[in-house]
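*Asks:* Below you'll find structure07.tsv; it's TSV, C-alpha atoms.
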chain	number	residue	atom	x	y	z
A	298	MET	CA	-9.95	-18.22	12.32
A	299	ALA	CA	-11.06	-18.67	8.73
A	300	PHE	CA	-13.49	-16.07	7.44
A	301	GLN	CA	-16.86	-17.59	6.57
A	302	ARG	CA	-18.79	-14.45	5.69
A	303	GLU	CA	-17.89	-11.15	4.08
A	304	ARG	CA	-19.23	-9.19	7.05
A	305	GLU	CA	-16.49	-10.69	9.23
A	306	LEU	CA	-13.94	-8.63	7.27
A	307	TYR	CA	-15.64	-5.37	8.19
A	308	ALA	CA	-14.36	-4.86	11.74
A	309	PRO	CA	-10.62	-5.22	10.98
A	310	VAL	CA	-10.85	-3.12	7.80
A	311	ARG	CA	-12.81	-0.46	9.67
A	312	ALA	CA	-10.17	-0.39	12.43
A	313	PHE	CA	-7.44	-0.09	9.78
A	314	PHE	CA	-8.93	3.07	8.24
A	315	GLU	CA	-9.88	4.58	11.59
A	316	GLY	CA	-6.23	4.19	12.53
A	317	LEU	CA	-5.42	6.37	9.52
A	318	GLY	CA	-7.77	9.09	10.75
A	319	TYR	CA	-10.83	8.27	8.62
A	320	GLN	CA	-14.46	8.19	9.68
A	321	VAL	CA	-15.96	4.89	8.55
A	322	ARG	CA	-19.49	3.73	7.72
A	323	SER	CA	-20.72	0.49	6.20
A	324	GLU	CA	-23.24	-0.07	3.41
A	325	VAL	CA	-23.29	3.55	2.22
A	326	GLY	CA	-24.85	3.64	-1.22
A	327	ASP	CA	-23.60	0.49	-2.92
A	328	ALA	CA	-20.25	0.37	-1.14
A	329	ASP	CA	-19.59	-2.25	1.54
A	330	LEU	CA	-17.46	0.30	3.41
A	331	LEU	CA	-16.92	4.01	2.91
A	332	ALA	CA	-14.09	5.88	4.65
A	333	VAL	CA	-14.10	9.69	4.70
A	334	LYS	CA	-11.41	12.14	5.74
A	335	GLU	CA	-12.30	15.77	5.04
A	336	GLU	CA	-13.53	15.57	1.42
A	337	HIS	CA	-11.53	12.46	0.55
A	338	LEU	CA	-13.65	9.34	-0.12
A	339	VAL	CA	-12.31	5.78	-0.06
A	340	ALA	CA	-14.59	2.89	-1.02
A	341	VAL	CA	-13.86	-0.72	-0.07
A	342	GLU	CA	-15.50	-3.89	-1.36
A	343	LEU	CA	-15.37	-6.90	0.96
A	344	LYS	CA	-15.19	-10.33	-0.62
A	345	LEU	CA	-14.02	-13.80	0.35
A	346	SER	CA	-12.02	-14.15	-2.88
A	347	LEU	CA	-10.93	-12.28	-5.98
A	348	ASN	CA	-13.64	-12.89	-8.57
A	349	LEU	CA	-15.34	-11.23	-11.52
A	350	LYS	CA	-18.12	-9.75	-9.38
A	351	LEU	CA	-15.52	-8.01	-7.22
A	352	LEU	CA	-13.75	-6.57	-10.26
A	353	VAL	CA	-17.02	-5.16	-11.61
A	354	GLN	CA	-18.02	-3.69	-8.25
A	355	THR	CA	-14.70	-1.95	-7.66
A	356	THR	CA	-14.77	-0.26	-11.06
A	357	GLN	CA	-18.32	0.92	-10.32
A	358	ARG	CA	-17.14	2.48	-7.05
A	359	GLN	CA	-14.53	4.48	-8.96
A	360	LYS	CA	-17.38	6.58	-10.33
A	361	THR	CA	-17.88	8.26	-6.95
A	362	ALA	CA	-14.86	7.53	-4.71
A	363	ASP	CA	-11.36	9.00	-4.89
A	364	LEU	CA	-9.71	5.66	-4.16
A	365	VAL	CA	-11.05	2.10	-4.25
A	366	TYR	CA	-9.79	-1.04	-2.51
A	367	ALA	CA	-10.77	-4.68	-2.59
A	368	ALA	CA	-10.43	-6.44	0.78
A	369	ILE	CA	-10.17	-10.23	0.99
A	370	PRO	CA	-8.88	-12.82	3.48
A	371	HIS	CA	-5.15	-13.46	3.14
A	372	PRO	CA	-4.85	-16.30	0.60
A	373	GLY	CA	-1.88	-17.93	2.30
A	374	LYS	CA	0.28	-19.99	-0.05
A	375	ALA	CA	-1.96	-19.05	-2.98
A	376	LEU	CA	-0.42	-15.57	-2.78
A	377	VAL	CA	2.50	-16.68	-4.97
A	378	ARG	CA	0.51	-18.76	-7.42
A	379	LYS	CA	0.26	-17.54	-11.00
A	380	GLU	CA	-3.54	-17.51	-11.06
A	381	PHE	CA	-3.74	-15.23	-8.02
A	382	ARG	CA	-0.93	-12.98	-9.24
A	383	ASN	CA	-2.74	-12.57	-12.57
A	384	LYS	CA	-5.87	-11.39	-10.77
A	385	VAL	CA	-3.84	-8.93	-8.71
A	386	HIS	CA	-2.25	-7.66	-11.92
A	387	LEU	CA	-5.71	-7.04	-13.33
A	388	LEU	CA	-6.66	-5.08	-10.21
A	389	ARG	CA	-3.52	-2.99	-10.68
A	390	ARG	CA	-4.44	-2.26	-14.29
A	391	LEU	CA	-7.87	-1.15	-13.10
A	392	GLY	CA	-6.31	1.17	-10.53
A	393	VAL	CA	-7.78	-0.76	-7.57
A	394	GLY	CA	-5.90	-1.35	-4.31
A	395	LEU	CA	-5.84	-4.64	-2.44
A	396	LEU	CA	-6.10	-5.25	1.32
A	397	LEU	CA	-5.34	-8.68	2.79
A	398	VAL	CA	-6.84	-9.59	6.18
A	399	ASP	CA	-5.17	-12.42	8.10
A	400	ARG	CA	-6.73	-14.74	10.69
A	401	LEU	CA	-5.77	-12.42	13.53
A	402	GLY	CA	-7.56	-9.51	11.90
A	403	THR	CA	-4.39	-7.75	10.80
A	404	VAL	CA	-4.81	-5.76	7.60
A	405	ALA	CA	-1.91	-5.51	5.14
A	406	VAL	CA	-1.81	-3.32	2.06
A	407	SER	CA	-0.81	-5.69	-0.71
A	408	GLN	CA	-1.32	-3.07	-3.38
A	409	GLU	CA	-2.12	0.64	-3.25
A	410	PRO	CA	-4.63	2.05	-5.72
A	411	VAL	CA	-2.74	3.22	-8.80
A	412	GLU	CA	-2.82	6.97	-9.26
A	413	MET	CA	-5.19	7.60	-12.15
A	414	ASP	CA	-6.86	10.65	-13.59
A	415	LEU	CA	-10.39	9.85	-12.49
A	416	GLN	CA	-11.44	13.50	-12.13
A	417	ALA	CA	-13.53	13.49	-15.28
A	418	LEU	CA	-15.30	10.31	-14.17
A	419	VAL	CA	-16.05	11.75	-10.72
A	420	GLN	CA	-17.25	15.00	-12.27
A	421	ARG	CA	-19.80	13.12	-14.39
A	422	ASN	CA	-21.10	11.46	-11.23
A	423	ARG	CA	-21.04	14.53	-8.96
A	424	ARG	CA	-24.69	14.21	-7.92
A	425	LYS	CA	-24.29	10.58	-6.88
A	426	ARG	CA	-21.10	11.44	-4.98
A	427	GLN	CA	-22.87	14.25	-3.11
A	428	SER	CA	-25.69	11.84	-2.25
A	429	LEU	CA	-23.12	9.40	-0.88
A	430	VAL	CA	-21.55	12.05	1.35
A	431	LYS	CA	-24.97	13.19	2.60
A	432	GLU	CA	-25.93	9.61	3.48
A	433	PHE	CA	-22.61	9.10	5.28
A	434	HIS	CA	-22.99	12.17	7.50
A	435	GLY	CA	-26.72	11.61	8.03
A	436	ARG	CA	-26.13	8.66	10.40
A	437	SER	CA	-25.58	9.20	14.12
A	438	LEU	CA	-24.35	5.66	14.81
A	439	GLU	CA	-22.73	2.84	12.87
A	440	LEU	CA	-25.34	0.08	13.19
A	441	ASN	CA	-24.58	-1.76	9.95
A	442	GLN	CA	-21.89	-4.30	9.09
A	443	GLY	CA	-20.22	-4.19	5.69
A	444	GLY	CA	-21.05	-7.13	3.46
A	445	ALA	CA	-24.20	-7.88	5.48
A	446	ASN	CA	-27.74	-8.61	4.27
A	447	ARG	CA	-29.28	-5.29	3.25
A	448	GLU	CA	-32.84	-5.96	4.51
A	449	LYS	CA	-32.45	-4.20	7.90
A	450	LEU	CA	-29.83	-1.57	7.11
A	451	MET	CA	-29.91	1.70	9.01
A	452	THR	CA	-29.92	4.52	6.47
A	453	ALA	CA	-30.05	8.29	6.95
A	454	TYR	CA	-33.71	8.22	5.78
A	455	LYS	CA	-34.58	5.53	8.31
A	456	GLU	CA	-32.84	7.44	11.10
A	457	GLU	CA	-34.78	10.61	10.27
A	458	SER	CA	-37.99	8.54	10.29
A	459	LEU	CA	-37.02	7.23	13.72
A	460	ARG	CA	-36.35	10.75	14.96
A	461	ILE	CA	-39.90	11.71	13.94
A	462	ALA	CA	-41.31	8.66	15.74
A	463	TYR	CA	-39.36	9.67	18.85
A	464	GLN	CA	-40.84	13.19	18.83
A	465	LEU	CA	-44.37	11.85	18.31
A	466	GLU	CA	-43.93	9.40	21.19
A	467	LYS	CA	-42.55	12.13	23.42
A	468	ALA	CA	-45.00	14.94	22.68
A	469	GLY	CA	-48.05	13.30	21.11
A	470	PRO	CA	-49.64	13.87	17.67
A	471	LYS	CA	-48.20	16.72	15.64
A	472	ALA	CA	-48.51	18.39	12.26
A	473	PRO	CA	-45.50	18.05	9.92
A	474	ARG	CA	-44.67	21.75	10.21
A	475	GLU	CA	-44.36	21.37	14.00
A	476	LEU	CA	-41.70	18.69	13.59
A	477	LYS	CA	-39.46	20.60	11.23
A	478	GLY	CA	-36.56	22.10	13.09
A	479	TYR	CA	-36.08	19.31	15.60
A	480	PRO	CA	-32.53	17.84	15.47
A	481	GLY	CA	-32.03	15.78	12.33
A	482	VAL	CA	-35.57	16.34	11.00
A	483	GLU	CA	-35.57	17.97	7.57
A	484	ASN	CA	-38.38	16.33	5.56
A	485	PRO	CA	-41.24	15.49	7.97
A	486	GLN	CA	-44.02	16.11	5.44
A	487	LYS	CA	-42.67	13.60	2.91
A	488	ILE	CA	-41.69	11.00	5.51
A	489	LEU	CA	-45.03	11.10	7.33
A	490	TYR	CA	-47.02	11.01	4.11
A	491	ARG	CA	-45.12	8.05	2.69
A	492	ASN	CA	-44.97	6.19	6.03
A	493	VAL	CA	-42.56	3.67	4.50
A	494	TYR	CA	-42.05	1.65	7.70
A	495	GLY	CA	-45.66	1.82	8.96
A	496	TRP	CA	-44.58	3.66	12.12
A	497	TYR	CA	-47.15	6.47	12.04
A	498	ILE	CA	-50.91	6.86	12.36
A	499	HIS	CA	-52.85	9.55	10.50
A	500	GLU	CA	-54.92	10.83	13.42
A	501	GLU	CA	-56.88	13.43	11.46
A	502	ARG	CA	-56.34	15.87	8.64
A	503	GLY	CA	-52.79	17.19	8.89
A	504	LEU	CA	-52.09	15.48	12.22
A	505	TYR	CA	-49.91	12.39	12.77
A	506	GLY	CA	-49.22	10.18	15.77
A	507	ILE	CA	-47.08	7.11	16.48
A	508	GLY	CA	-48.41	3.58	15.98
A	509	PRO	CA	-47.51	0.22	17.58
A	510	GLN	CA	-44.84	-0.51	14.96
A	511	GLY	CA	-43.27	2.88	15.61
A	512	LYS	CA	-43.09	2.18	19.35
A	513	ALA	CA	-41.53	-1.21	18.63
A	514	ALA	CA	-38.91	0.48	16.43
A	515	LEU	CA	-37.99	2.89	19.24
A	516	SER	CA	-37.38	-0.10	21.50
A	517	GLU	CA	-35.36	-1.91	18.83
A	518	TYR	CA	-33.06	1.08	18.23
A	519	GLU	CA	-32.64	2.09	21.85
A	520	SER	CA	-29.04	3.24	21.35
A	521	LEU	CA	-30.16	5.80	18.78
A	522	VAL	CA	-33.08	6.96	20.94
A	523	GLU	CA	-30.61	7.68	23.75
A	524	ILE	CA	-28.75	10.01	21.38
A	525	PHE	CA	-32.00	11.75	20.40
A	526	ALA	CA	-32.81	12.30	24.08
A	527	ARG	CA	-29.40	13.85	24.77
A	528	GLU	CA	-29.83	16.18	21.79
A	529	ASP	CA	-33.15	17.37	23.27
A	530	GLU	CA	-31.62	18.31	26.61
Is it possible to express this structure as structure tokens?

*Replies:*
Amino acid sequence: MAFQRERELYAPVRAFFEGLGYQVRSEVGDADLLAVKEEHLVAVELKLSLNLKLLVQTTQRQKTADLVYAAIPHPGKALVRKEFRNKVHLLRRLGVGLLLVDRLGTVAVSQEPVEMDLQALVQRNRRKRQSLVKEFHGRSLELNQGGANREKLMTAYKEESLRIAYQLEKAGPKAPRELKGYPGVENPQKILYRNVYGWYIHEERGLYGIGPQGKAALSEYESLVEIFAREDE
């Protein structure tokens, strides 16, 4: 099987890191894949080939992650060609690891990230790193695929918005202060006021209900709603 899209690399790379004891999420911040073990962050960029865009993206991920890998399909015979070896050499100089995924979905570490003193760089980007970790842990399910179109990504903000829609559907119109304290609901006032997804209806002053689009969203994300229901038991 030849890989046609970057998202097809996600499942085998995810399985590889889960086998090493990492929790894995896709499309966290700007990273195609983020793997977390305790406080250790590994970012992976998924591409169909080694190119300039990939090199730029991996160096950007070094601002927030402890280690960064590029993951590409195994190049076959091109592996020994000078042009490919030169690109791998450049990755090594940048301190970026390389994962090769073959047609069977087996992931091989072609090159480990070079140990570099990136502490100062991470320190300068501490706020962005903390935001990345918060987003990672703010998702109940992995509904995204790394390397996929970003239009319908499930983010922590979207999940919290869905949690609010669930409570409004279950119990009827509520004031923001009544929603705070439900599982996973931290910012009901801001989310209801902004109504980014058009899921809510402003019933009257200080009171919000769920609209048709909100009900449709609950049906679309049924797997998440099942989790919300279990948390309410």

*Asks:* What residues have an atom no more than 12 Å from (-6.4, -10.0, 9.5) in the file's own frame, counting only C-alpha atoms, and can you write them as a PyMOL selection string?

*Replies:* chain A and resi 298-300+305-313+368-373+396-406

*Asks:* Could you pull the residues within 12 Å of Val385 in chain A, counting all atoms listed in the file, minus those fewer than 2 positions along the same chain, as a PyMOL selection string?

*Replies:* chain A and resi 346-348+351-352+366-369+372+375-383+387-397+407-410

*Asks:* Between CA of Val333 in chain A and CA of Thr355 in chain A, measure the distance and give it in Å to one decimal.

*Replies:*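 Separation between CA of Val333 in chain A and CA of Thr355 in chain A: 17.0 Å.
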
*Asks:* Edge lengths and centre, in Å to one decimal, as lines of an AutoDock Vina configuration file: that's what I need for the box along x, y and z that holds all listed atoms of range 319-326 of chain A plus 5 Å on each side.

*Replies:*
center_x = -17.8
center_y = 4.1
center_z = 4.2
size_x = 24.0
size_y = 18.3
size_z = 20.9

*Asks:* Can you work out the spacing between CA of Ile461 in chain A and CA of Gln320 in chain A in Å, to one decimal?

*Replies:*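 For CA of Ile461 in chain A relative to CA of Gln320 in chain A, the distance reads 26.0 Å.
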
*Asks:* Which value, in Å to one decimal, gives the distance between CA of Arg426 in chain A and CA of Val325 in chain A?

*Replies:*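 Computing the Euclidean distance for CA of Arg426 in chain A and CA of Val325 in chain A yields 10.9 Å.
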
*Asks:* Just save range 365-406 of chain A with N, CA and C atoms, as a PDB file, in the first residue's frame.

*Replies:*
ATOM      1  N   VAL A 365      11.586  16.250  18.631  1.00  0.00           N
ATOM      2  CA  VAL A 365      10.798  16.410  17.407  1.00  0.00           C
ATOM      3  C   VAL A 365      11.234  15.376  16.375  1.00  0.00           C
ATOM      4  N   TYR A 366      10.242  14.737  15.752  1.00  0.00           N
ATOM      5  CA  TYR A 366      10.496  13.783  14.673  1.00  0.00           C
ATOM      6  C   TYR A 366       9.774  14.224  13.404  1.00  0.00           C
ATOM      7  N   ALA A 367      10.337  13.842  12.275  1.00  0.00           N
ATOM      8  CA  ALA A 367       9.630  13.880  11.001  1.00  0.00           C
ATOM      9  C   ALA A 367       9.273  12.431  10.681  1.00  0.00           C
ATOM     10  N   ALA A 368       8.047  12.207  10.190  1.00  0.00           N
ATOM     11  CA  ALA A 368       7.630  10.858   9.807  1.00  0.00           C
ATOM     12  C   ALA A 368       7.203  10.870   8.346  1.00  0.00           C
ATOM     13  N   ILE A 369       7.811   9.984   7.556  1.00  0.00           N
ATOM     14  CA  ILE A 369       7.519   9.915   6.119  1.00  0.00           C
ATOM     15  C   ILE A 369       7.398   8.447   5.701  1.00  0.00           C
ATOM     16  N   PRO A 370       6.775   8.186   4.554  1.00  0.00           N
ATOM     17  CA  PRO A 370       6.778   6.806   4.045  1.00  0.00           C
ATOM     18  C   PRO A 370       8.208   6.354   3.758  1.00  0.00           C
ATOM     19  N   HIS A 371       8.474   5.074   3.939  1.00  0.00           N
ATOM     20  CA  HIS A 371       9.807   4.544   3.629  1.00  0.00           C
ATOM     21  C   HIS A 371      10.108   4.802   2.147  1.00  0.00           C
ATOM     22  N   PRO A 372      11.249   5.413   1.846  1.00  0.00           N
ATOM     23  CA  PRO A 372      11.544   5.792   0.455  1.00  0.00           C
ATOM     24  C   PRO A 372      12.037   4.658  -0.436  1.00  0.00           C
ATOM     25  N   GLY A 373      12.171   3.466   0.139  1.00  0.00           N
ATOM     26  CA  GLY A 373      12.634   2.337  -0.676  1.00  0.00           C
ATOM     27  C   GLY A 373      14.085   2.499  -1.111  1.00  0.00           C
ATOM     28  N   LYS A 374      14.341   2.298  -2.396  1.00  0.00           N
ATOM     29  CA  LYS A 374      15.704   2.368  -2.911  1.00  0.00           C
ATOM     30  C   LYS A 374      16.313   3.761  -2.792  1.00  0.00           C
ATOM     31  N   ALA A 375      15.437   4.782  -2.703  1.00  0.00           N
ATOM     32  CA  ALA A 375      15.936   6.158  -2.591  1.00  0.00           C
ATOM     33  C   ALA A 375      16.679   6.387  -1.276  1.00  0.00           C
ATOM     34  N   LEU A 376      16.509   5.449  -0.332  1.00  0.00           N
ATOM     35  CA  LEU A 376      17.139   5.581   0.977  1.00  0.00           C
ATOM     36  C   LEU A 376      18.656   5.741   0.876  1.00  0.00           C
ATOM     37  N   VAL A 377      19.273   5.125  -0.136  1.00  0.00           N
ATOM     38  CA  VAL A 377      20.726   5.154  -0.250  1.00  0.00           C
ATOM     39  C   VAL A 377      21.213   6.207  -1.242  1.00  0.00           C
ATOM     40  N   ARG A 378      20.281   6.925  -1.856  1.00  0.00           N
ATOM     41  CA  ARG A 378      20.701   7.934  -2.818  1.00  0.00           C
ATOM     42  C   ARG A 378      21.256   9.171  -2.108  1.00  0.00           C
ATOM     43  N   LYS A 379      22.181   9.821  -2.766  1.00  0.00           N
ATOM     44  CA  LYS A 379      22.876  10.964  -2.176  1.00  0.00           C
ATOM     45  C   LYS A 379      21.917  12.086  -1.814  1.00  0.00           C
ATOM     46  N   GLU A 380      20.963  12.361  -2.690  1.00  0.00           N
ATOM     47  CA  GLU A 380      20.031  13.463  -2.431  1.00  0.00           C
ATOM     48  C   GLU A 380      19.251  13.226  -1.142  1.00  0.00           C
ATOM     49  N   PHE A 381      18.772  12.002  -0.951  1.00  0.00           N
ATOM     50  CA  PHE A 381      18.016  11.689   0.265  1.00  0.00           C
ATOM     51  C   PHE A 381      18.921  11.732   1.487  1.00  0.00           C
ATOM     52  N   ARG A 382      20.118  11.168   1.366  1.00  0.00           N
ATOM     53  CA  ARG A 382      21.045  11.164   2.500  1.00  0.00           C
ATOM     54  C   ARG A 382      21.441  12.578   2.905  1.00  0.00           C
ATOM     55  N   ASN A 383      21.527  13.481   1.945  1.00  0.00           N
ATOM     56  CA  ASN A 383      21.844  14.878   2.261  1.00  0.00           C
ATOM     57  C   ASN A 383      20.722  15.530   3.075  1.00  0.00           C
ATOM     58  N   LYS A 384      19.486  15.198   2.729  1.00  0.00           N
ATOM     59  CA  LYS A 384      18.349  15.746   3.477  1.00  0.00           C
ATOM     60  C   LYS A 384      18.315  15.196   4.902  1.00  0.00           C
ATOM     61  N   VAL A 385      18.622  13.905   5.035  1.00  0.00           N
ATOM     62  CA  VAL A 385      18.672  13.298   6.367  1.00  0.00           C
ATOM     63  C   VAL A 385      19.790  13.926   7.191  1.00  0.00           C
ATOM     64  N   HIS A 386      20.908  14.206   6.556  1.00  0.00           N
ATOM     65  CA  HIS A 386      22.020  14.877   7.237  1.00  0.00           C
ATOM     66  C   HIS A 386      21.586  16.243   7.757  1.00  0.00           C
ATOM     67  N   LEU A 387      20.805  16.958   6.952  1.00  0.00           N
ATOM     68  CA  LEU A 387      20.322  18.267   7.382  1.00  0.00           C
ATOM     69  C   LEU A 387      19.390  18.129   8.587  1.00  0.00           C
ATOM     70  N   LEU A 388      18.534  17.119   8.572  1.00  0.00           N
ATOM     71  CA  LEU A 388      17.669  16.865   9.731  1.00  0.00           C
ATOM     72  C   LEU A 388      18.509  16.620  10.986  1.00  0.00           C
ATOM     73  N   ARG A 389      19.584  15.846  10.810  1.00  0.00           N
ATOM     74  CA  ARG A 389      20.460  15.539  11.941  1.00  0.00           C
ATOM     75  C   ARG A 389      21.102  16.810  12.484  1.00  0.00           C
ATOM     76  N   ARG A 390      21.523  17.681  11.601  1.00  0.00           N
ATOM     77  CA  ARG A 390      22.129  18.946  12.035  1.00  0.00           C
ATOM     78  C   ARG A 390      21.123  19.826  12.777  1.00  0.00           C
ATOM     79  N   LEU A 391      19.862  19.667  12.419  1.00  0.00           N
ATOM     80  CA  LEU A 391      18.802  20.443  13.072  1.00  0.00           C
ATOM     81  C   LEU A 391      18.345  19.800  14.382  1.00  0.00           C
ATOM     82  N   GLY A 392      18.829  18.581  14.637  1.00  0.00           N
ATOM     83  CA  GLY A 392      18.433  17.894  15.865  1.00  0.00           C
ATOM     84  C   GLY A 392      17.086  17.210  15.764  1.00  0.00           C
ATOM     85  N   VAL A 393      16.629  16.907  14.544  1.00  0.00           N
ATOM     86  CA  VAL A 393      15.309  16.321  14.314  1.00  0.00           C
ATOM     87  C   VAL A 393      15.446  14.835  14.005  1.00  0.00           C
ATOM     88  N   GLY A 394      14.596  14.008  14.631  1.00  0.00           N
ATOM     89  CA  GLY A 394      14.606  12.576  14.369  1.00  0.00           C
ATOM     90  C   GLY A 394      13.813  12.249  13.113  1.00  0.00           C
ATOM     91  N   LEU A 395      13.984  11.022  12.622  1.00  0.00           N
ATOM     92  CA  LEU A 395      13.290  10.605  11.409  1.00  0.00           C
ATOM     93  C   LEU A 395      12.674   9.222  11.601  1.00  0.00           C
ATOM     94  N   LEU A 396      11.365   9.123  11.323  1.00  0.00           N
ATOM     95  CA  LEU A 396      10.638   7.859  11.370  1.00  0.00           C
ATOM     96  C   LEU A 396      10.235   7.469   9.950  1.00  0.00           C
ATOM     97  N   LEU A 397      10.477   6.220   9.585  1.00  0.00           N
ATOM     98  CA  LEU A 397      10.104   5.714   8.271  1.00  0.00           C
ATOM     99  C   LEU A 397       8.981   4.693   8.428  1.00  0.00           C
ATOM    100  N   VAL A 398       7.901   4.872   7.691  1.00  0.00           N
ATOM    101  CA  VAL A 398       6.733   3.996   7.788  1.00  0.00           C
ATOM    102  C   VAL A 398       6.628   3.177   6.499  1.00  0.00           C
ATOM    103  N   ASP A 399       6.694   1.845   6.627  1.00  0.00           N
ATOM    104  CA  ASP A 399       6.634   1.023   5.410  1.00  0.00           C
ATOM    105  C   ASP A 399       5.184   0.706   5.030  1.00  0.00           C
ATOM    106  N   ARG A 400       4.996  -0.030   3.956  1.00  0.00           N
ATOM    107  CA  ARG A 400       3.666  -0.286   3.415  1.00  0.00           C
ATOM    108  C   ARG A 400       2.795  -1.120   4.341  1.00  0.00           C
ATOM    109  N   LEU A 401       3.414  -1.846   5.257  1.00  0.00           N
ATOM    110  CA  LEU A 401       2.663  -2.651   6.208  1.00  0.00           C
ATOM    111  C   LEU A 401       2.318  -1.873   7.472  1.00  0.00           C
ATOM    112  N   GLY A 402       2.763  -0.623   7.526  1.00  0.00           N
ATOM    113  CA  GLY A 402       2.486   0.200   8.694  1.00  0.00           C
ATOM    114  C   GLY A 402       3.508   0.062   9.803  1.00  0.00           C
ATOM    115  N   THR A 403       4.624  -0.592   9.501  1.00  0.00           N
ATOM    116  CA  THR A 403       5.699  -0.734  10.487  1.00  0.00           C
ATOM    117  C   THR A 403       6.527   0.546  10.533  1.00  0.00           C
ATOM    118  N   VAL A 404       6.788   1.015  11.743  1.00  0.00           N
ATOM    119  CA  VAL A 404       7.535   2.254  11.922  1.00  0.00           C
ATOM    120  C   VAL A 404       8.959   1.934  12.373  1.00  0.00           C
ATOM    121  N   ALA A 405       9.934   2.459  11.652  1.00  0.00           N
ATOM    122  CA  ALA A 405      11.341   2.259  11.998  1.00  0.00           C
ATOM    123  C   ALA A 405      11.975   3.611  12.313  1.00  0.00           C
ATOM    124  N   VAL A 406      12.790   3.629  13.346  1.00  0.00           N
ATOM    125  CA  VAL A 406      13.507   4.860  13.696  1.00  0.00           C
ATOM    126  C   VAL A 406      14.775   4.913  12.860  1.00  0.00           C
TER     127      VAL A 406
END
